[in-house]
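Asks: My structure is stored as query.pdb, with PDB, C-alpha atoms, pLDDT in the B column.
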MODEL        1
ATOM      1  CA  MET Y   1     105.128  71.258 166.493  1.00 56.00           C
ATOM      2  CA  PRO Y   2     107.726  68.507 167.146  1.00 69.00           C
ATOM      3  CA  GLN Y   3     111.401  69.415 166.954  1.00 88.00           C
ATOM      4  CA  ARG Y   4     113.329  68.022 163.997  1.00 93.00           C
ATOM      5  CA  PRO Y   5     116.375  65.787 164.666  1.00 95.00           C
ATOM      6  CA  LEU Y   6     119.529  67.548 163.472  1.00 97.00           C
ATOM      7  CA  ILE Y   7     123.131  66.438 162.984  1.00 98.00           C
ATOM      8  CA  VAL Y   8     126.104  68.748 162.460  1.00 98.00           C
ATOM      9  CA  VAL Y   9     128.404  67.223 159.842  1.00 98.00           C
ATOM     10  CA  GLY Y  10     131.998  67.995 160.796  1.00 98.00           C
ATOM     11  CA  SER Y  11     133.320  68.452 164.331  1.00 97.00           C
ATOM     12  CA  GLY Y  12     136.198  70.883 163.829  1.00 96.00           C
ATOM     13  CA  GLY Y  13     136.480  74.237 165.536  1.00 95.00           C
ATOM     14  CA  PHE Y  14     133.945  75.929 163.279  1.00 96.00           C
ATOM     15  CA  SER Y  15     131.285  73.440 164.389  1.00 97.00           C
ATOM     16  CA  LYS Y  16     131.137  75.296 167.720  1.00 97.00           C
ATOM     17  CA  ASP Y  17     129.981  78.460 165.950  1.00 97.00           C
ATOM     18  CA  VAL Y  18     127.329  76.437 164.136  1.00 98.00           C
ATOM     19  CA  VAL Y  19     126.073  74.878 167.380  1.00 97.00           C
ATOM     20  CA  TRP Y  20     126.002  78.320 168.995  1.00 97.00           C
ATOM     21  CA  ALA Y  21     123.748  79.580 166.179  1.00 97.00           C
ATOM     22  CA  ILE Y  22     121.516  76.502 166.544  1.00 97.00           C
ATOM     23  CA  GLN Y  23     121.224  77.157 170.275  1.00 96.00           C
ATOM     24  CA  ASN Y  24     120.382  80.819 169.651  1.00 96.00           C
ATOM     25  CA  ALA Y  25     117.794  79.893 167.026  1.00 95.00           C
ATOM     26  CA  ASN Y  26     116.248  77.286 169.320  1.00 94.00           C
ATOM     27  CA  ALA Y  27     116.042  79.845 172.132  1.00 94.00           C
ATOM     28  CA  ALA Y  28     113.968  82.058 169.853  1.00 89.00           C
ATOM     29  CA  HIS Y  29     111.921  79.201 168.410  1.00 88.00           C
ATOM     30  CA  ALA Y  30     112.624  75.597 169.410  1.00 88.00           C
ATOM     31  CA  ALA Y  31     112.865  73.863 166.025  1.00 92.00           C
ATOM     32  CA  TYR Y  32     115.641  71.262 166.326  1.00 95.00           C
ATOM     33  CA  THR Y  33     116.880  68.486 168.593  1.00 95.00           C
ATOM     34  CA  LEU Y  34     120.641  68.325 168.152  1.00 96.00           C
ATOM     35  CA  LEU Y  35     121.657  64.647 168.069  1.00 96.00           C
ATOM     36  CA  GLY Y  36     125.390  65.249 167.747  1.00 97.00           C
ATOM     37  CA  PHE Y  37     128.147  65.413 165.170  1.00 98.00           C
ATOM     38  CA  CYS Y  38     129.408  63.289 162.298  1.00 97.00           C
ATOM     39  CA  ASP Y  39     133.115  63.090 161.519  1.00 97.00           C
ATOM     40  CA  ASP Y  40     135.283  60.713 159.489  1.00 97.00           C
ATOM     41  CA  ASP Y  41     138.152  60.905 162.011  1.00 96.00           C
ATOM     42  CA  PRO Y  42     137.965  57.804 164.281  1.00 95.00           C
ATOM     43  CA  ALA Y  43     140.019  59.616 166.937  1.00 95.00           C
ATOM     44  CA  LYS Y  44     137.128  62.026 167.498  1.00 95.00           C
ATOM     45  CA  HIS Y  45     134.399  59.418 167.842  1.00 95.00           C
ATOM     46  CA  GLY Y  46     132.879  59.477 171.322  1.00 92.00           C
ATOM     47  CA  GLN Y  47     134.195  62.935 172.165  1.00 96.00           C
ATOM     48  CA  MET Y  48     131.793  65.556 173.512  1.00 96.00           C
ATOM     49  CA  ILE Y  49     131.560  69.041 172.006  1.00 95.00           C
ATOM     50  CA  MET Y  50     129.364  71.614 173.718  1.00 95.00           C
ATOM     51  CA  GLY Y  51     127.473  68.778 175.379  1.00 94.00           C
ATOM     52  CA  CYS Y  52     126.873  66.762 172.193  1.00 95.00           C
ATOM     53  CA  PRO Y  53     128.647  63.541 171.086  1.00 97.00           C
ATOM     54  CA  VAL Y  54     130.700  62.895 167.974  1.00 97.00           C
ATOM     55  CA  LEU Y  55     128.790  59.881 166.672  1.00 97.00           C
ATOM     56  CA  GLY Y  56     130.984  58.614 163.828  1.00 96.00           C
ATOM     57  CA  ALA Y  57     131.195  58.833 160.047  1.00 97.00           C
ATOM     58  CA  PRO Y  58     127.929  59.723 158.268  1.00 97.00           C
ATOM     59  CA  GLU Y  59     127.415  56.263 156.779  1.00 96.00           C
ATOM     60  CA  ALA Y  60     127.906  54.567 160.156  1.00 96.00           C
ATOM     61  CA  VAL Y  61     125.546  56.991 161.878  1.00 96.00           C
ATOM     62  CA  ALA Y  62     122.905  56.506 159.186  1.00 95.00           C
ATOM     63  CA  ALA Y  63     122.920  52.765 159.881  1.00 94.00           C
ATOM     64  CA  THR Y  64     121.942  53.395 163.519  1.00 92.00           C
ATOM     65  CA  LEU Y  65     119.102  55.832 162.868  1.00 91.00           C
ATOM     66  CA  GLY Y  66     115.495  55.191 161.984  1.00 85.00           C
ATOM     67  CA  GLU Y  67     114.290  58.124 159.927  1.00 90.00           C
ATOM     68  CA  PRO Y  68     116.917  60.203 158.098  1.00 94.00           C
ATOM     69  CA  PRO Y  69     117.718  63.372 160.090  1.00 96.00           C
ATOM     70  CA  CYS Y  70     118.278  66.953 159.019  1.00 97.00           C
ATOM     71  CA  PHE Y  71     121.864  68.152 158.706  1.00 98.00           C
ATOM     72  CA  ILE Y  72     124.006  71.255 158.496  1.00 98.00           C
ATOM     73  CA  CYS Y  73     127.611  70.901 157.277  1.00 98.00           C
ATOM     74  CA  SER Y  74     130.217  72.796 159.328  1.00 98.00           C
ATOM     75  CA  ILE Y  75     133.314  71.808 157.325  1.00 98.00           C
ATOM     76  CA  GLY Y  76     135.283  74.977 156.664  1.00 97.00           C
ATOM     77  CA  ASP Y  77     137.246  73.754 153.641  1.00 98.00           C
ATOM     78  CA  ASN Y  78     134.911  74.579 150.751  1.00 98.00           C
ATOM     79  CA  ALA Y  79     135.971  71.750 148.438  1.00 98.00           C
ATOM     80  CA  ALA Y  80     135.831  69.200 151.261  1.00 98.00           C
ATOM     81  CA  ARG Y  81     132.402  70.484 152.281  1.00 98.00           C
ATOM     82  CA  ALA Y  82     131.129  69.922 148.726  1.00 98.00           C
ATOM     83  CA  ARG Y  83     132.415  66.338 148.714  1.00 98.00           C
ATOM     84  CA  VAL Y  84     130.942  65.452 152.123  1.00 98.00           C
ATOM     85  CA  VAL Y  85     127.588  67.091 151.392  1.00 98.00           C
ATOM     86  CA  ALA Y  86     127.284  64.869 148.302  1.00 98.00           C
ATOM     87  CA  ARG Y  87     127.825  61.786 150.496  1.00 98.00           C
ATOM     88  CA  VAL Y  88     125.278  62.901 153.073  1.00 98.00           C
ATOM     89  CA  LEU Y  89     122.653  63.709 150.460  1.00 98.00           C
ATOM     90  CA  ASP Y  90     123.093  60.173 149.105  1.00 97.00           C
ATOM     91  CA  LEU Y  91     122.027  58.956 152.570  1.00 97.00           C
ATOM     92  CA  GLY Y  92     118.715  60.773 152.212  1.00 97.00           C
ATOM     93  CA  TRP Y  93     119.423  63.380 154.887  1.00 98.00           C
ATOM     94  CA  THR Y  94     117.689  66.768 154.555  1.00 97.00           C
ATOM     95  CA  PRO Y  95     119.746  69.981 154.520  1.00 98.00           C
ATOM     96  CA  VAL Y  96     118.602  72.850 156.719  1.00 98.00           C
ATOM     97  CA  THR Y  97     119.672  76.478 156.768  1.00 98.00           C
ATOM     98  CA  ILE Y  98     120.782  77.853 160.131  1.00 98.00           C
ATOM     99  CA  ILE Y  99     120.486  81.618 160.651  1.00 97.00           C
ATOM    100  CA  ASP Y 100     121.439  83.255 163.945  1.00 97.00           C
ATOM    101  CA  PRO Y 101     118.545  85.405 165.217  1.00 97.00           C
ATOM    102  CA  SER Y 102     120.827  88.477 165.314  1.00 97.00           C
ATOM    103  CA  VAL Y 103     121.277  88.474 161.511  1.00 98.00           C
ATOM    104  CA  MET Y 104     119.811  91.460 159.651  1.00 98.00           C
ATOM    105  CA  ILE Y 105     118.197  90.491 156.338  1.00 98.00           C
ATOM    106  CA  GLY Y 106     117.145  93.098 153.779  1.00 98.00           C
ATOM    107  CA  GLU Y 107     114.283  93.070 151.332  1.00 98.00           C
ATOM    108  CA  GLY Y 108     114.488  90.579 148.493  1.00 98.00           C
ATOM    109  CA  VAL Y 109     117.339  88.492 149.938  1.00 98.00           C
ATOM    110  CA  THR Y 110     117.301  84.818 148.951  1.00 98.00           C
ATOM    111  CA  ILE Y 111     119.156  82.117 150.886  1.00 98.00           C
ATOM    112  CA  GLY Y 112     119.740  78.577 149.606  1.00 98.00           C
ATOM    113  CA  GLN Y 113     119.486  75.252 151.375  1.00 98.00           C
ATOM    114  CA  GLY Y 114     122.110  74.100 153.837  1.00 98.00           C
ATOM    115  CA  ALA Y 115     123.531  77.592 154.356  1.00 98.00           C
ATOM    116  CA  TYR Y 116     124.862  78.991 157.644  1.00 98.00           C
ATOM    117  CA  ILE Y 117     124.549  82.699 158.507  1.00 98.00           C
ATOM    118  CA  GLY Y 118     126.429  83.624 161.677  1.00 98.00           C
ATOM    119  CA  ALA Y 119     125.890  86.181 164.415  1.00 98.00           C
ATOM    120  CA  ARG Y 120     125.600  89.866 163.509  1.00 98.00           C
ATOM    121  CA  ALA Y 121     125.879  89.287 159.763  1.00 98.00           C
ATOM    122  CA  ILE Y 122     124.125  91.812 157.523  1.00 98.00           C
ATOM    123  CA  LEU Y 123     122.568  90.713 154.234  1.00 98.00           C
ATOM    124  CA  SER Y 124     121.661  93.797 152.230  1.00 98.00           C
ATOM    125  CA  PRO Y 125     118.663  94.039 149.883  1.00 98.00           C
ATOM    126  CA  MET Y 126     118.512  91.767 146.848  1.00 98.00           C
ATOM    127  CA  ALA Y 127     121.579  89.715 147.825  1.00 98.00           C
ATOM    128  CA  ARG Y 128     121.457  86.099 146.666  1.00 98.00           C
ATOM    129  CA  ILE Y 129     123.050  83.431 148.866  1.00 98.00           C
ATOM    130  CA  GLY Y 130     123.500  79.959 147.351  1.00 98.00           C
ATOM    131  CA  ASN Y 131     123.384  76.438 148.757  1.00 98.00           C
ATOM    132  CA  TYR Y 132     125.796  75.302 151.498  1.00 98.00           C
ATOM    133  CA  VAL Y 133     127.317  78.776 151.793  1.00 98.00           C
ATOM    134  CA  LEU Y 134     129.026  79.814 155.033  1.00 98.00           C
ATOM    135  CA  ILE Y 135     128.530  83.464 156.045  1.00 98.00           C
ATOM    136  CA  ASN Y 136     130.512  83.944 159.238  1.00 98.00           C
ATOM    137  CA  ASN Y 137     130.056  86.265 162.209  1.00 98.00           C
ATOM    138  CA  HIS Y 138     130.178  90.070 161.762  1.00 97.00           C
ATOM    139  CA  THR Y 139     130.183  90.021 157.959  1.00 98.00           C
ATOM    140  CA  THR Y 140     128.395  92.282 155.500  1.00 98.00           C
ATOM    141  CA  ILE Y 141     126.979  91.162 152.162  1.00 98.00           C
ATOM    142  CA  GLY Y 142     126.213  94.175 149.987  1.00 98.00           C
ATOM    143  CA  HIS Y 143     123.148  94.858 147.903  1.00 98.00           C
ATOM    144  CA  ASP Y 144     122.649  92.799 144.744  1.00 98.00           C
ATOM    145  CA  CYS Y 145     125.589  90.473 145.519  1.00 98.00           C
ATOM    146  CA  VAL Y 146     125.670  86.871 144.416  1.00 98.00           C
ATOM    147  CA  ILE Y 147     127.326  84.303 146.698  1.00 98.00           C
ATOM    148  CA  GLU Y 148     127.344  80.994 144.823  1.00 98.00           C
ATOM    149  CA  ASP Y 149     127.125  77.445 146.223  1.00 98.00           C
ATOM    150  CA  PHE Y 150     129.823  76.326 148.704  1.00 98.00           C
ATOM    151  CA  ALA Y 151     131.407  79.793 148.907  1.00 98.00           C
ATOM    152  CA  GLN Y 152     132.460  81.245 152.263  1.00 98.00           C
ATOM    153  CA  VAL Y 153     132.813  84.690 153.801  1.00 98.00           C
ATOM    154  CA  SER Y 154     135.146  84.550 156.816  1.00 98.00           C
ATOM    155  CA  PRO Y 155     134.586  86.586 160.006  1.00 98.00           C
ATOM    156  CA  GLY Y 156     134.640  90.316 159.393  1.00 98.00           C
ATOM    157  CA  GLY Y 157     134.563  89.928 155.606  1.00 98.00           C
ATOM    158  CA  ARG Y 158     133.003  92.714 153.535  1.00 98.00           C
ATOM    159  CA  VAL Y 159     131.382  92.014 150.176  1.00 98.00           C
ATOM    160  CA  SER Y 160     130.575  95.269 148.380  1.00 98.00           C
ATOM    161  CA  GLY Y 161     127.455  95.758 146.284  1.00 98.00           C
ATOM    162  CA  PHE Y 162     127.034  93.959 142.945  1.00 98.00           C
ATOM    163  CA  SER Y 163     130.015  91.680 143.672  1.00 98.00           C
ATOM    164  CA  VAL Y 164     130.066  87.951 142.920  1.00 98.00           C
ATOM    165  CA  LEU Y 165     131.698  85.119 144.846  1.00 98.00           C
ATOM    166  CA  LYS Y 166     131.716  82.162 142.486  1.00 98.00           C
ATOM    167  CA  GLU Y 167     131.264  78.538 143.559  1.00 98.00           C
ATOM    168  CA  GLY Y 168     133.631  77.579 146.392  1.00 98.00           C
ATOM    169  CA  ALA Y 169     135.252  81.019 146.617  1.00 98.00           C
ATOM    170  CA  LEU Y 170     136.761  82.064 149.961  1.00 98.00           C
ATOM    171  CA  LEU Y 171     136.839  85.635 151.261  1.00 98.00           C
ATOM    172  CA  GLY Y 172     139.337  85.713 154.123  1.00 98.00           C
ATOM    173  CA  ALA Y 173     138.865  87.217 157.573  1.00 98.00           C
ATOM    174  CA  ASN Y 174     138.463  91.022 157.427  1.00 98.00           C
ATOM    175  CA  ALA Y 175     139.006  91.017 153.670  1.00 98.00           C
ATOM    176  CA  VAL Y 176     137.084  93.402 151.417  1.00 98.00           C
ATOM    177  CA  ILE Y 177     136.089  92.904 147.794  1.00 98.00           C
ATOM    178  CA  ALA Y 178     135.351  96.112 145.893  1.00 98.00           C
ATOM    179  CA  GLN Y 179     132.013  96.886 144.303  1.00 98.00           C
ATOM    180  CA  GLY Y 180     131.148  94.881 141.231  1.00 98.00           C
ATOM    181  CA  ARG Y 181     134.203  92.625 141.362  1.00 98.00           C
ATOM    182  CA  THR Y 182     134.264  88.826 141.057  1.00 98.00           C
ATOM    183  CA  LEU Y 183     136.121  86.303 143.202  1.00 98.00           C
ATOM    184  CA  GLY Y 184     136.519  83.294 140.924  1.00 98.00           C
ATOM    185  CA  ARG Y 185     135.533  79.686 141.350  1.00 98.00           C
ATOM    186  CA  TYR Y 186     137.452  78.195 144.318  1.00 98.00           C
ATOM    187  CA  ALA Y 187     139.601  81.330 144.434  1.00 98.00           C
ATOM    188  CA  THR Y 188     140.768  82.988 147.666  1.00 98.00           C
ATOM    189  CA  LEU Y 189     141.091  86.613 148.704  1.00 98.00           C
ATOM    190  CA  GLY Y 190     143.391  86.453 151.719  1.00 98.00           C
ATOM    191  CA  ALA Y 191     142.776  87.803 155.203  1.00 98.00           C
ATOM    192  CA  SER Y 192     142.745  91.620 155.523  1.00 98.00           C
ATOM    193  CA  SER Y 193     143.234  92.018 151.760  1.00 98.00           C
ATOM    194  CA  PHE Y 194     141.456  94.502 149.497  1.00 98.00           C
ATOM    195  CA  GLY Y 195     140.321  93.095 146.169  1.00 97.00           C
ATOM    196  CA  MET Y 196     140.184  95.952 143.664  1.00 96.00           C
ATOM    197  CA  LEU Y 197     140.304  93.637 140.645  1.00 96.00           C
ATOM    198  CA  ASN Y 198     138.662  90.360 139.699  1.00 97.00           C
ATOM    199  CA  VAL Y 199     140.426  87.243 141.032  1.00 97.00           C
ATOM    200  CA  PRO Y 200     140.598  84.373 138.502  1.00 97.00           C
ATOM    201  CA  ASP Y 201     139.285  80.867 139.151  1.00 97.00           C
ATOM    202  CA  GLY Y 202     141.568  78.868 141.446  1.00 97.00           C
ATOM    203  CA  ALA Y 203     143.816  81.850 142.260  1.00 97.00           C
ATOM    204  CA  THR Y 204     144.899  83.260 145.613  1.00 98.00           C
ATOM    205  CA  ALA Y 205     145.260  87.028 145.971  1.00 98.00           C
ATOM    206  CA  ILE Y 206     146.637  88.851 149.015  1.00 98.00           C
ATOM    207  CA  GLY Y 207     147.604  92.375 149.984  1.00 97.00           C
ATOM    208  CA  VAL Y 208     146.334  95.955 149.789  1.00 97.00           C
ATOM    209  CA  PRO Y 209     145.606  96.188 146.942  1.00 97.00           C
ATOM    210  CA  ALA Y 210     145.493  92.426 146.457  1.00 96.00           C
ATOM    211  CA  ARG Y 211     147.731  90.770 143.881  1.00 96.00           C
ATOM    212  CA  VAL Y 212     147.590  87.179 142.684  1.00 95.00           C
ATOM    213  CA  THR Y 213     150.338  85.162 144.401  1.00 92.00           C
ATOM    214  CA  PHE Y 214     149.269  81.655 143.411  1.00 77.00           C
ATOM    215  CA  HIS Y 215     147.257  80.249 140.528  1.00 77.00           C
ATOM    216  CA  ARG Y 216     146.353  76.587 140.180  1.00 71.00           C
TER     217      ARG Y 216
ENDMDL
END
Write out the structure in this file as structure tokens.
Replies:
Amino acid sequence: MPQRPLIVVGSGGFSKDVVWAIQNANAAHAAYTLLGFCDDDPAKHGQMIMGCPVLGAPEAVAATLGEPPCFICSIGDNAARARVVARVLDLGWTPVTIIDPSVMIGEGVTIGQGAYIGARAILSPMARIGNYVLINNHTTIGHDCVIEDFAQVSPGGRVSGFSVLKEGALLGANAVIAQGRTLGRYATLGASSFGMLNVPDGATAIGVPARVTFHR
């Protein structure tokens, strides 16, 4: 079966983790030919990252290609990722989900399009992962959790069973959200914090136990 052409959208530091997962997945089953990266920053155009070129902004790259490629978006800012994904979809590019082969996936787990699941993540039974979600390395997603579109779990994050991360929510590195709690839409639970209570939409909570320190 021919390999599918793939572009990583975004060439920041997190893109290296995404490429690593693509390389690991290809080693297990060669599915993709990585063409390079897209980025809006002209200063990055022509640079090489892990042996692959930064080709230019998505619209400029699309003009040079024949058939529309597949893409995975590696932009860490959740709101920015949502905006750029909308642009790339307008170009007719096809989202793909990248899952590192080391990921453990329980019974009944569902994973949306354009998601990234990093090395050593654990997705417990009946968890639901939305579209364009980023699940970073060494994270655990508990049973019956819901991770909505464009949300992100940072490295070492722990999502306890029956919890919900709403659209665009960010669980910081090594943070833990207690069982059955909700991290609101585009809300943040800061690094190494413990969320015992629900965090409202647009709020940032930090500490052990976490308290809201900022609310848009």
Asks: Identify the residues within 12 Å of coordinate (123.6, 77.7, 147.3) (same frame as the file), considering all atoms listed in the file, and give the answer as JSON, numbers by chain.
Replies: {"Y": [82, 95, 96, 97, 110, 111, 112, 113, 114, 115, 116, 128, 129, 130, 131, 132, 133, 134, 135, 146, 147, 148, 149, 150, 151, 152, 165, 166, 167, 168]}
Asks: Near Leu34 of chain Y, within 10 Å and counting all atoms listed in the file, which residues show up once chain neighbours fewer than 5 positions away are dropped, as number ranges by chain?
Replies: Y: 3-8, 19, 22-23, 51-53, 69-71
Asks: Once the PyMOL selection byres ((chain Y and resi 179) around 8) has been evaluated on this model, what residues remain selected, and can you format them as a PyMOL selection string?
Replies: chain Y and resi 159-163+177-178+180-181
Asks: Which residue, Y:Gly118, Y:Gly46, Y:Cys145, Y:Arg211, has the smallest gap to Thr182 of chain Y when you use only C-alpha atoms?
Replies: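 Checking each of Y:Gly118, Y:Gly46, Y:Cys145, Y:Arg211 against Thr182 of chain Y, counting only C-alpha atoms, the winner is Y:Cys145.
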Asks: Run the PyMOL selection byres ((chain Y and resi 44) around 10) against the file shown and list the residues it catches, as an NGL selection string.
Replies: :Y and (11-12 or 37-43 or 45-48 or 53-56)
Asks: Have a look at atom CA of Arg185 of chain Y and atom CA of Pro200 of chain Y and let me know their distance in Å, one decimal.
Replies: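 Going from atom CA of Arg185 of chain Y over to atom CA of Pro200 of chain Y, I get 7.5 Å.
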Asks: Atom CA of Tyr186 of chain Y and atom CA of Asn136 of chain Y are how many Å apart?
Replies: 17.4 Å
Asks: Around the point (122.2, 64.4, 152.0) in the file's coordinates, collect all residues with an atom within 10 Å, using only C-alpha atoms, and return them as a list in words.
Replies: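 Residues lying no farther than 10 Å from the given point: Pro58, Pro68, Pro69, Cys70, Phe71, Ile72, Cys73, Val84, Val85, Ala86, Arg87, Val88, Leu89, Asp90, Leu91, Gly92, Trp93, Thr94, Pro95 and Gly114 of chain Y.
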Asks: Give me the residues near Ser154 of chain Y as a compact mmCIF listing (two decimals) with C-alpha atoms, keeping the file's coordinate frame, where near means some atom within 12 Å (using all atoms listed in the file) and where sequence neighbours in that chain fewer than 2 positions away do not count.
Replies:
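The resulting file, around20.txt, is shown below:
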# COMPACT_ATOMS: atom_id res chain seq x y z
CA PHE Y 14 133.94 75.93 163.28
CA GLY Y 76 135.28 74.98 156.66
CA ASP Y 77 137.25 73.75 153.64
CA ASN Y 78 134.91 74.58 150.75
CA TYR Y 116 124.86 78.99 157.64
CA ILE Y 117 124.55 82.70 158.51
CA GLY Y 118 126.43 83.62 161.68
CA ALA Y 121 125.88 89.29 159.76
CA VAL Y 133 127.32 78.78 151.79
CA LEU Y 134 129.03 79.81 155.03
CA ILE Y 135 128.53 83.46 156.04
CA ASN Y 136 130.51 83.94 159.24
CA ASN Y 137 130.06 86.26 162.21
CA HIS Y 138 130.18 90.07 161.76
CA THR Y 139 130.18 90.02 157.96
CA THR Y 140 128.40 92.28 155.50
CA ILE Y 141 126.98 91.16 152.16
CA ALA Y 151 131.41 79.79 148.91
CA GLN Y 152 132.46 81.24 152.26
CA GLY Y 156 134.64 90.32 159.39
CA GLY Y 157 134.56 89.93 155.61
CA ARG Y 158 133.00 92.71 153.54
CA VAL Y 159 131.38 92.01 150.18
CA ALA Y 169 135.25 81.02 146.62
CA LEU Y 170 136.76 82.06 149.96
CA LEU Y 171 136.84 85.64 151.26
CA GLY Y 172 139.34 85.71 154.12
CA ALA Y 173 138.86 87.22 157.57
CA ASN Y 174 138.46 91.02 157.43
CA ALA Y 175 139.01 91.02 153.67
CA VAL Y 176 137.08 93.40 151.42
CA THR Y 188 140.77 82.99 147.67
CA LEU Y 189 141.09 86.61 148.70
CA GLY Y 190 143.39 86.45 151.72
CA ALA Y 191 142.78 87.80 155.20
CA SER Y 192 142.74 91.62 155.52
Asks: Quick one: of Y:Thr213, Y:Asp100, Y:Arg120, Y:Ile206, who's nearest to Asn26 of chain Y, counting all atoms listed in the file?
Replies: Y:Asp100
Asks: Just the number, please: distance in Å from atom CA of Ala79 of chain Y to atom CA of Asn198 of chain Y, one decimal.
Replies: 20.7 Å
Asks: Nearest to Met50 of chain Y: which of Y:Lys16, Y:His215, Y:Arg81, Y:His29 is it, counting all atoms listed in the file?
Replies: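 Under the stated criterion, the closest residue is Y:Lys16.
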Asks: Measuring atom to atom with all atoms listed in the file, identify which of Y:Ile105, Y:Leu183, Y:Ala119, Y:Ala63 is nearest to Asp17 of chain Y.
Replies: Y:Ala119
Asks: Name the closest residue to Pro155 of chain Y among the candidates Y:Ile122, Y:Ala187, Y:Met104, Y:Val212; distances are taken between atoms, counting only C-alpha atoms.
Replies: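 Going through Y:Ile122, Y:Ala187, Y:Met104, Y:Val212 one by one, the smallest distance to Pro155 of chain Y is for Y:Ile122.
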Asks: Please produce segment 176-190 of chain Y, completed to N, CA and C atoms, as a PDB file, keeping the file's coordinate frame.
Replies:
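Just written: out_14.pdb:
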ATOM      1  N   VAL Y 176     138.112  92.591 152.078  1.00 98.00           N
ATOM      2  CA  VAL Y 176     137.084  93.402 151.417  1.00 98.00           C
ATOM      3  C   VAL Y 176     137.212  93.211 149.909  1.00 98.00           C
ATOM      4  N   ILE Y 177     136.101  92.947 149.245  1.00 98.00           N
ATOM      5  CA  ILE Y 177     136.089  92.904 147.794  1.00 98.00           C
ATOM      6  C   ILE Y 177     135.322  94.122 147.301  1.00 98.00           C
ATOM      7  N   ALA Y 178     135.913  94.852 146.360  1.00 98.00           N
ATOM      8  CA  ALA Y 178     135.351  96.112 145.893  1.00 98.00           C
ATOM      9  C   ALA Y 178     134.063  95.893 145.103  1.00 98.00           C
ATOM     10  N   GLN Y 179     133.311  96.955 144.960  1.00 98.00           N
ATOM     11  CA  GLN Y 179     132.013  96.886 144.303  1.00 98.00           C
ATOM     12  C   GLN Y 179     132.129  96.348 142.881  1.00 98.00           C
ATOM     13  N   GLY Y 180     131.257  95.395 142.586  1.00 98.00           N
ATOM     14  CA  GLY Y 180     131.148  94.881 141.231  1.00 98.00           C
ATOM     15  C   GLY Y 180     132.238  93.922 140.809  1.00 98.00           C
ATOM     16  N   ARG Y 181     133.108  93.531 141.719  1.00 98.00           N
ATOM     17  CA  ARG Y 181     134.203  92.625 141.362  1.00 98.00           C
ATOM     18  C   ARG Y 181     133.778  91.170 141.568  1.00 98.00           C
ATOM     19  N   THR Y 182     134.563  90.257 140.988  1.00 98.00           N
ATOM     20  CA  THR Y 182     134.264  88.826 141.057  1.00 98.00           C
ATOM     21  C   THR Y 182     135.437  88.078 141.660  1.00 98.00           C
ATOM     22  N   LEU Y 183     135.146  87.244 142.640  1.00 98.00           N
ATOM     23  CA  LEU Y 183     136.121  86.303 143.202  1.00 98.00           C
ATOM     24  C   LEU Y 183     135.816  84.964 142.566  1.00 98.00           C
ATOM     25  N   GLY Y 184     136.774  84.433 141.798  1.00 98.00           N
ATOM     26  CA  GLY Y 184     136.519  83.294 140.924  1.00 98.00           C
ATOM     27  C   GLY Y 184     136.233  81.990 141.646  1.00 98.00           C
ATOM     28  N   ARG Y 185     135.911  81.001 140.847  1.00 98.00           N
ATOM     29  CA  ARG Y 185     135.533  79.686 141.350  1.00 98.00           C
ATOM     30  C   ARG Y 185     136.701  79.072 142.132  1.00 98.00           C
ATOM     31  N   TYR Y 186     136.457  78.744 143.394  1.00 98.00           N
ATOM     32  CA  TYR Y 186     137.452  78.195 144.318  1.00 98.00           C
ATOM     33  C   TYR Y 186     138.711  79.064 144.391  1.00 98.00           C
ATOM     34  N   ALA Y 187     138.527  80.356 144.221  1.00 98.00           N
ATOM     35  CA  ALA Y 187     139.601  81.330 144.434  1.00 98.00           C
ATOM     36  C   ALA Y 187     139.554  81.833 145.869  1.00 98.00           C
ATOM     37  N   THR Y 188     140.648  82.471 146.299  1.00 98.00           N
ATOM     38  CA  THR Y 188     140.768  82.988 147.666  1.00 98.00           C
ATOM     39  C   THR Y 188     141.249  84.429 147.638  1.00 98.00           C
ATOM     40  N   LEU Y 189     140.577  85.281 148.396  1.00 98.00           N
ATOM     41  CA  LEU Y 189     141.091  86.613 148.704  1.00 98.00           C
ATOM     42  C   LEU Y 189     141.514  86.570 150.165  1.00 98.00           C
ATOM     43  N   GLY Y 190     142.823  86.715 150.403  1.00 98.00           N
ATOM     44  CA  GLY Y 190     143.391  86.453 151.719  1.00 98.00           C
ATOM     45  C   GLY Y 190     142.937  87.412 152.795  1.00 98.00           C
TER      46      GLY Y 190
END
